[in-house]
Structures are given as structure tokens and as C-alpha cells.
$ cat input_28.cif   # mmCIF, C-alpha atoms
data_upload
loop_
_atom_site.group_PDB
_atom_site.id
_atom_site.type_symbol
_atom_site.label_atom_id
_atom_site.label_comp_id
_atom_site.auth_asym_id
_atom_site.auth_seq_id
_atom_site.Cartn_x
_atom_site.Cartn_y
_atom_site.Cartn_z
ATOM 1 C CA MET A 1 103.310 141.930 69.291
ATOM 2 C CA ARG A 2 100.991 143.434 66.656
ATOM 3 C CA GLU A 3 102.575 144.109 63.294
ATOM 4 C CA ASP A 4 102.020 147.671 62.101
ATOM 5 C CA PRO A 5 100.854 147.948 58.487
ATOM 6 C CA GLN A 6 103.612 150.441 57.730
ATOM 7 C CA CYS A 7 107.164 151.061 58.944
ATOM 8 C CA ARG A 8 107.394 154.512 60.532
ATOM 9 C CA LEU A 9 110.936 155.012 59.255
ATOM 10 C CA CYS A 10 110.838 153.941 55.610
ATOM 11 C CA GLY A 11 107.150 153.465 54.845
ATOM 12 C CA GLY A 12 107.617 149.791 53.996
ATOM 13 C CA ARG A 13 105.514 146.935 55.299
ATOM 14 C CA GLY A 14 105.975 146.865 59.065
ATOM 15 C CA THR A 15 106.428 143.160 59.681
ATOM 16 C CA LEU A 16 108.344 142.007 62.741
ATOM 17 C CA ALA A 17 111.185 140.816 60.518
ATOM 18 C CA HIS A 18 111.351 144.217 58.834
ATOM 19 C CA ILE A 19 111.333 146.175 62.094
ATOM 20 C CA LEU A 20 113.929 144.047 63.889
ATOM 21 C CA ALA A 21 116.379 143.440 61.062
ATOM 22 C CA GLY A 22 115.165 144.514 57.627
ATOM 23 C CA CYS A 23 114.623 148.279 57.543
ATOM 24 C CA LYS A 24 117.293 149.918 55.374
ATOM 25 C CA THR A 25 116.618 153.319 56.923
ATOM 26 C CA ALA A 26 117.145 151.946 60.424
ATOM 27 C CA LEU A 27 120.319 150.239 59.210
ATOM 28 C CA SER A 28 121.703 153.442 57.675
ATOM 29 C CA GLN A 29 120.932 155.321 60.902
ATOM 30 C CA GLY A 30 122.834 152.782 62.990
ATOM 31 C CA ARG A 31 119.758 151.639 64.916
ATOM 32 C CA TYR A 32 120.787 147.973 64.727
ATOM 33 C CA HIS A 33 124.351 148.526 65.946
ATOM 34 C CA TRP A 34 123.502 148.233 69.636
ATOM 35 C CA HIS A 35 122.028 144.748 69.076
ATOM 36 C CA HIS A 36 125.117 143.647 67.189
ATOM 37 C CA ASP A 37 127.575 145.212 69.624
ATOM 38 C CA LYS A 38 125.940 143.660 72.701
ATOM 39 C CA VAL A 39 126.341 140.185 71.245
ATOM 40 C CA LEU A 40 129.847 140.953 69.983
ATOM 41 C CA ARG A 41 130.914 142.161 73.430
ATOM 42 C CA ALA A 42 129.575 138.979 75.038
ATOM 43 C CA LEU A 43 131.337 136.805 72.464
ATOM 44 C CA ALA A 44 134.576 138.759 72.860
ATOM 45 C CA ASN A 45 134.503 138.317 76.647
ATOM 46 C CA ILE A 46 134.018 134.565 76.253
ATOM 47 C CA LEU A 47 136.890 134.227 73.786
ATOM 48 C CA GLU A 48 139.169 136.519 75.794
ATOM 49 C CA GLN A 49 138.772 134.210 78.788
ATOM 50 C CA GLU A 50 139.636 131.261 76.569
ATOM 51 C CA ARG A 51 142.620 133.104 75.067
ATOM 52 C CA ARG A 52 144.020 133.891 78.514
ATOM 53 C CA LYS A 53 143.457 130.325 79.635
ATOM 54 C CA LYS A 54 145.707 129.044 76.853
ATOM 55 C CA HIS A 55 148.526 131.301 78.090
ATOM 56 C CA GLN A 56 148.740 129.354 81.318
ATOM 57 C CA PRO A 57 151.315 126.541 81.297
ATOM 58 C CA GLN A 58 149.637 123.175 80.879
ATOM 59 C CA PRO A 59 150.736 120.491 83.380
ATOM 60 C CA ARG A 60 152.207 117.346 81.900
ATOM 61 C CA PRO A 61 149.851 114.388 82.115
ATOM 62 C CA THR A 62 150.922 111.786 84.661
ATOM 63 C CA PRO A 63 151.671 108.484 82.906
ATOM 64 C CA SER A 64 149.443 105.674 84.102
ATOM 65 C CA ILE A 65 149.900 101.910 84.006
ATOM 66 C CA GLN A 66 147.043 99.996 82.453
ATOM 67 C CA PHE A 67 146.437 96.481 83.762
ATOM 68 C CA ILE A 68 144.625 94.016 81.507
ATOM 69 C CA ARG A 69 143.544 90.444 81.969
ATOM 70 C CA GLU A 70 145.195 87.637 80.077
ATOM 71 C CA GLY A 71 143.733 87.315 76.597
ATOM 72 C CA GLU A 72 142.221 90.823 76.572
ATOM 73 C CA LYS A 73 143.358 93.643 74.326
ATOM 74 C CA PRO A 74 144.256 97.016 75.827
ATOM 75 C CA SER A 75 141.623 99.660 75.209
ATOM 76 C CA SER A 76 142.762 102.530 73.054
ATOM 77 C CA SER A 77 142.516 105.879 74.812
ATOM 78 C CA LYS A 78 140.656 108.597 72.956
ATOM 79 C CA LYS A 79 142.715 111.638 72.093
ATOM 80 C CA THR A 80 140.939 114.967 72.336
ATOM 81 C CA LYS A 81 141.513 117.083 69.243
ATOM 82 C CA LYS A 82 143.401 120.279 69.992
ATOM 83 C CA SER A 83 141.527 123.531 69.594
ATOM 84 C CA LEU A 84 142.984 126.281 67.427
ATOM 85 C CA LEU A 85 144.016 128.256 70.501
ATOM 86 C CA GLN A 86 146.036 125.283 71.728
ATOM 87 C CA THR A 87 148.180 125.210 68.585
ATOM 88 C CA ALA A 88 150.259 128.261 69.563
ATOM 89 C CA PRO A 89 151.711 129.435 72.901
ATOM 90 C CA ALA A 90 150.555 133.049 72.724
ATOM 91 C CA TRP A 91 147.714 134.884 71.006
ATOM 92 C CA GLU A 92 146.675 138.511 70.685
ATOM 93 C CA MET A 93 143.119 139.698 70.098
ATOM 94 C CA ARG A 94 141.447 142.817 68.741
ATOM 95 C CA VAL A 95 137.710 143.549 68.654
ATOM 96 C CA ASP A 96 135.899 146.187 66.600
ATOM 97 C CA LEU A 97 134.276 147.848 69.606
ATOM 98 C CA GLY A 98 134.763 151.374 70.880
ATOM 99 C CA ARG A 99 137.486 152.279 68.418
ATOM 100 C CA LYS A 100 138.213 151.366 64.819
ATOM 101 C CA LEU A 101 139.833 147.963 64.437
ATOM 102 C CA HIS A 102 143.168 147.943 62.635
ATOM 103 C CA PHE A 103 144.004 144.618 61.053
ATOM 104 C CA PRO A 104 147.319 143.111 62.261
ATOM 105 C CA GLN A 105 150.381 143.697 60.096
ATOM 106 C CA VAL A 106 149.883 140.463 58.221
ATOM 107 C CA VAL A 107 148.543 142.199 55.113
ATOM 108 C CA GLN A 108 147.340 145.692 54.245
ATOM 109 C CA THR A 109 143.535 145.853 54.082
ATOM 110 C CA SER A 110 140.681 148.271 54.650
ATOM 111 C CA LEU A 111 138.377 145.445 55.753
ATOM 112 C CA ARG A 112 137.406 145.312 59.420
ATOM 113 C CA PRO A 113 136.236 141.927 60.670
ATOM 114 C CA ASP A 114 134.535 142.113 64.054
ATOM 115 C CA MET A 115 137.301 140.177 65.768
ATOM 116 C CA VAL A 116 140.853 139.111 64.953
ATOM 117 C CA ILE A 117 142.906 136.648 67.007
ATOM 118 C CA TRP A 118 146.471 136.038 65.887
ATOM 119 C CA SER A 119 149.821 134.575 66.877
ATOM 120 C CA GLU A 120 152.851 136.360 65.466
ATOM 121 C CA GLU A 121 155.146 133.553 66.589
ATOM 122 C CA ALA A 122 153.140 130.751 64.972
ATOM 123 C CA LYS A 123 151.962 132.875 62.005
ATOM 124 C CA LYS A 124 148.318 131.992 62.537
ATOM 125 C CA VAL A 125 145.325 134.319 62.284
ATOM 126 C CA ILE A 126 141.623 133.795 63.046
ATOM 127 C CA LEU A 127 138.935 136.133 61.684
ATOM 128 C CA ILE A 128 135.471 136.244 63.256
ATOM 129 C CA GLU A 129 132.604 138.191 61.683
ATOM 130 C CA LEU A 130 129.285 138.480 63.535
ATOM 131 C CA THR A 131 125.889 139.131 61.952
ATOM 132 C CA VAL A 132 122.584 139.564 63.819
ATOM 133 C CA PRO A 133 119.959 138.933 61.115
ATOM 134 C CA TRP A 134 116.353 137.795 61.137
ATOM 135 C CA GLU A 135 116.534 134.074 61.913
ATOM 136 C CA ASP A 136 115.487 132.990 58.411
ATOM 137 C CA GLY A 137 118.391 134.976 56.986
ATOM 138 C CA CYS A 138 121.217 133.282 58.906
ATOM 139 C CA SER A 139 122.326 131.058 56.014
ATOM 140 C CA GLU A 140 122.315 133.930 53.543
ATOM 141 C CA ALA A 141 124.258 136.137 55.969
ATOM 142 C CA HIS A 142 126.811 133.366 56.489
ATOM 143 C CA GLU A 143 127.452 133.005 52.762
ATOM 144 C CA ARG A 144 127.610 136.768 52.252
ATOM 145 C CA LYS A 145 130.233 137.289 54.957
ATOM 146 C CA ALA A 146 132.236 134.247 53.837
ATOM 147 C CA THR A 147 132.403 135.730 50.339
ATOM 148 C CA LYS A 148 133.306 139.185 51.654
ATOM 149 C CA TYR A 149 136.378 137.966 53.542
ATOM 150 C CA GLN A 150 137.578 135.053 51.418
ATOM 151 C CA ASP A 151 140.091 137.203 49.509
ATOM 152 C CA LEU A 152 141.531 138.562 52.768
ATOM 153 C CA VAL A 153 141.960 135.029 54.104
ATOM 154 C CA GLN A 154 143.739 134.019 50.902
ATOM 155 C CA GLN A 155 146.027 137.066 51.090
ATOM 156 C CA CYS A 156 147.060 136.023 54.601
ATOM 157 C CA ARG A 157 147.802 132.509 53.368
ATOM 158 C CA ASP A 158 149.816 133.871 50.454
ATOM 159 C CA LYS A 159 151.999 135.643 53.039
ATOM 160 C CA GLY A 160 152.755 132.311 54.695
ATOM 161 C CA TRP A 161 150.162 132.527 57.476
ATOM 162 C CA GLN A 162 147.613 129.903 58.398
ATOM 163 C CA ALA A 163 144.235 131.647 58.331
ATOM 164 C CA TRP A 164 140.702 130.731 59.385
ATOM 165 C CA LEU A 165 137.445 132.616 58.892
ATOM 166 C CA PHE A 166 134.397 132.107 61.116
ATOM 167 C CA PRO A 167 131.238 133.950 60.031
ATOM 168 C CA VAL A 168 128.919 133.759 63.057
ATOM 169 C CA GLU A 169 125.182 134.450 63.197
ATOM 170 C CA VAL A 170 122.922 135.069 66.182
ATOM 171 C CA GLY A 171 119.314 135.761 65.195
ATOM 172 C CA CYS A 172 117.898 139.119 66.239
ATOM 173 C CA ARG A 173 115.441 137.336 68.571
ATOM 174 C CA GLY A 174 118.228 135.402 70.275
ATOM 175 C CA PHE A 175 118.574 132.165 68.294
ATOM 176 C CA PRO A 176 122.231 131.050 67.915
ATOM 177 C CA ALA A 177 122.876 129.541 64.476
ATOM 178 C CA GLN A 178 124.967 126.398 64.014
ATOM 179 C CA SER A 179 127.931 128.642 63.204
ATOM 180 C CA VAL A 180 128.022 129.755 66.860
ATOM 181 C CA TRP A 181 128.413 126.172 68.090
ATOM 182 C CA ASN A 182 131.008 125.389 65.408
ATOM 183 C CA THR A 183 133.100 128.458 66.230
ATOM 184 C CA LEU A 184 133.079 127.888 69.983
ATOM 185 C CA THR A 185 134.081 124.244 69.469
ATOM 186 C CA ALA A 186 136.929 125.128 67.100
ATOM 187 C CA LEU A 187 138.318 127.594 69.645
ATOM 188 C CA GLY A 188 138.197 125.127 72.526
ATOM 189 C CA ILE A 189 134.874 125.873 74.234
ATOM 190 C CA ARG A 190 133.039 122.571 74.466
ATOM 191 C CA GLY A 191 130.425 120.644 76.409
ATOM 192 C CA ARG A 192 128.553 122.472 79.162
ATOM 193 C CA GLU A 193 130.850 125.487 78.848
ATOM 194 C CA ARG A 194 129.859 125.864 75.187
ATOM 195 C CA LYS A 195 126.156 125.580 75.983
ATOM 196 C CA THR A 196 126.444 128.248 78.671
ATOM 197 C CA ALA A 197 128.358 130.561 76.326
ATOM 198 C CA ALA A 198 125.792 130.234 73.519
ATOM 199 C CA ARG A 199 122.940 130.891 75.936
ATOM 200 C CA ARG A 200 124.692 133.975 77.267
ATOM 201 C CA GLU A 201 124.889 135.465 73.771
ATOM 202 C CA SER A 202 121.267 134.615 73.027
ATOM 203 C CA LEU A 203 119.826 135.947 76.265
ATOM 204 C CA LEU A 204 121.348 139.355 75.618
ATOM 205 C CA LEU A 205 118.927 139.626 72.703
ATOM 206 C CA ALA A 206 115.980 137.581 73.921
ATOM 207 C CA LEU A 207 115.689 139.518 77.187
ATOM 208 C CA GLU A 208 115.855 142.985 75.618
#
$ encode --input "input_28.cif" --output "C-alpha cells"
Amino acid sequence: MREDPQCRLCGGRGTLAHILAGCKTALSQGRYHWHHDKVLRALANILEQERRKKHQPQPRPTPSIQFIREGEKPSSSKKTKKSLLQTAPAWEMRVDLGRKLHFPQVVQTSLRPDMVIWSEEAKKVILIELTVPWEDGCSEAHERKATKYQDLVQQCRDKGWQAWLFPVEVGCRGFPAQSVWNTLTALGIRGRERKTAARRESLLLALE
């Protein structure tokens, strides 16, 4: 793609980075929202499936007898670390798509993270905030969103809730930042399932 010498919207230098993610005029006009919302919808669908999965009763593992030879030590079985969604029996989820997101009645706030998953019974709340920046800006976007919501997370904790914040970045050309992998893992999506989920989010951008 040839880079135009001038942005048609703001008159700035029309680099690819500027056109796809850096034009303030395009941002103010909401021209980047569709990119963001497509990825957010894909991520929400993935996490909704995982949330529903955790509602299903988990069968008790069948105890097994381990036979060892004389003089050998029994091998220690590896315990899989529980995901956040496995630490409570029921979760609710809200996503800032279609209609304005209202934060759960944990604290009063005007902030609107892209996604909130919470358990009233366990007093746990998970905040997810998505950014779709130019790839080189993923780290900066991560720090900016972490700073924006850190007070809200602390307010939830002050009310006796356990709270987690996951700023997530998917580059505007489809590159999933490390935060995507970390978030999916923390919420129980691992291995091949995690790889498929990350690719699904990326392809929504890369194939546009």
C-alpha cells in the first residue's frame, strides 16, 4: 500500500500507522470504533463460552491406584492451576457493545471498561479493557489503560472484593500482543484452544 503524503482528514503526514490508528480526527469521528468493536465482540464470544462452561457441574475425578516397583519412588502428579473462572460457581458478564455498560453495584463509577465479569457470591470481579493500536504502541497502550483503571480496581478491593484488571491489545493489523495470551490463560483458555482464540481475534482485523 502506498503511503499518501498527507492525511485527507487532518492534513497530517499520511503514514500507514497514522491512517490505521493515529489520526485524531478519525478517532473523534468514531472511524476506529468498528475495528475495536469487531475484536471486542470476538473476545466476548470466546469468554462467554468459557463462562458458561464453568457453570456446568464438574465430575469428580476417579481415584486411581498407582503401582510402583520395589525401591522406586512414586511420581508426583502435576496439579493444573485453577483459572479465575474456576474459583467461583457462577459468574455474570457485561460487555460495552450495543448499549452503554453499567458497572456492577460493587462501587459507583463513571468508568466503562470494555468487559466486566463478576461473581456476587464470591465477591470477585474481572475488568477487561481492549485497545487496538498500531503494533508499536501496544506497550504504551497497556500502561495507559492500566493507569486509567487502577483506582477503580483499588476501590473494588477496598469494598472487600477481589479484583483483577486485564488491559488487552490487538494491533490494528491483527497482531495479538502478549497481553492477549496472558488474559486467555488466566481465564482458563489454554493450549490449542488459546491459539485458536487468539487467531480468531487477529483474523478479524487482518482479513479486513
$ residues_around --input "input_28.cif" --residues "region 42-49 of chain A" --least-positions-apart "3" --cutoff "7 Å" --atoms "all atoms listed in the file" --output "JSON list (two decimals) with C-alpha atoms, in the coordinates of the input"
[["chain", "number", "residue", "atom", "x", "y", "z"],
["A", 38, "LYS", "CA", 125.94, 143.66, 72.70],
["A", 39, "VAL", "CA", 126.34, 140.18, 71.24],
["A", 52, "ARG", "CA", 144.02, 133.89, 78.51],
["A", 53, "LYS", "CA", 143.46, 130.32, 79.64],
["A", 197, "ALA", "CA", 128.36, 130.56, 76.33],
["A", 201, "GLU", "CA", 124.89, 135.46, 73.77]]
$ atom_distance --input "input_28.cif" --atom1 "CA of Glu135 (chain A)" --atom2 "CA of Arg8 (chain A)"
22.4 Å
$ closest_residue --input "input_28.cif" --among "A:Lys100, A:Arg112, A:Lys124, A:Arg41" --to "Ala88 (chain A)" --atoms "all atoms listed in the file"
A:Lys124
$ atom_distance --input "input_28.cif" --atom1 "CA of Arg94 (chain A)" --atom2 "CA of Met115 (chain A)"
5.7 Å
$ residues_around --input "input_28.cif" --residues "region 176-185 of chain A" --least-positions-apart "4" --cutoff "9 Å" --atoms "all atoms listed in the file" --output "JSON, numbers by chain"
{"A": [47, 83, 128, 135, 138, 139, 142, 166, 167, 168, 169, 170, 171, 189, 190, 191, 194, 195, 197, 198, 199, 201, 202]}
$ closest_residue --input "input_28.cif" --among "A:Gly98, A:Ala163, A:Asp158, A:Trp34" --to "Val116 (chain A)" --atoms "only C-alpha atoms"
A:Ala163
$ closest_residue --input "input_28.cif" --among "A:Leu111, A:Lys159, A:Arg173, A:His35" --to "Lys145 (chain A)" --atoms "all atoms listed in the file"
A:Leu111
$ residues_around --input "input_28.cif" --residues "Pro104 (chain A)" --least-positions-apart "5" --cutoff "10 Å" --atoms "only C-alpha atoms" --output "mmCIF file with C-alpha atoms, in the frame of the given file"
data_model
loop_
_atom_site.group_PDB
_atom_site.id
_atom_site.type_symbol
_atom_site.label_atom_id
_atom_site.label_comp_id
_atom_site.auth_asym_id
_atom_site.auth_seq_id
_atom_site.Cartn_x
_atom_site.Cartn_y
_atom_site.Cartn_z
ATOM 1 C CA GLU A 92 146.675 138.511 70.685
ATOM 2 C CA MET A 93 143.119 139.698 70.098
ATOM 3 C CA ARG A 94 141.447 142.817 68.741
ATOM 4 C CA THR A 109 143.535 145.853 54.082
ATOM 5 C CA VAL A 116 140.853 139.111 64.953
ATOM 6 C CA ILE A 117 142.906 136.648 67.007
ATOM 7 C CA TRP A 118 146.471 136.038 65.887
ATOM 8 C CA GLU A 120 152.851 136.360 65.466
ATOM 9 C CA VAL A 125 145.325 134.319 62.284
#
$ closest_residue --input "input_28.cif" --among "A:Arg51, A:Cys23, A:Leu187, A:Ile126" --to "Gln6 (chain A)" --atoms "only C-alpha atoms"
A:Cys23
$ atom_distance --input "input_28.cif" --atom1 "CA of Thr131 (chain A)" --atom2 "CA of Leu97 (chain A)"
14.3 Å
$ residues_around --input "input_28.cif" --residues "Gln154 (chain A)" --least-positions-apart "6" --cutoff "10 Å" --atoms "all atoms listed in the file" --output "PyMOL selection string"
chain A and resi 160-164
$ closest_residue --input "input_28.cif" --among "A:Ala146, A:Ala186, A:Cys10, A:Cys172" --to "Trp134 (chain A)" --atoms "only C-alpha atoms"
A:Cys172
$ axis_aligned_box --input "input_28.cif" --around "region 164-182 of chain A" --padding-each-side "8 Å" --output "JSON"
{"center_x": 128.1, "center_y": 132.3, "center_z": 64.6, "size_x": 41.3, "size_y": 29.7, "size_z": 27.4}
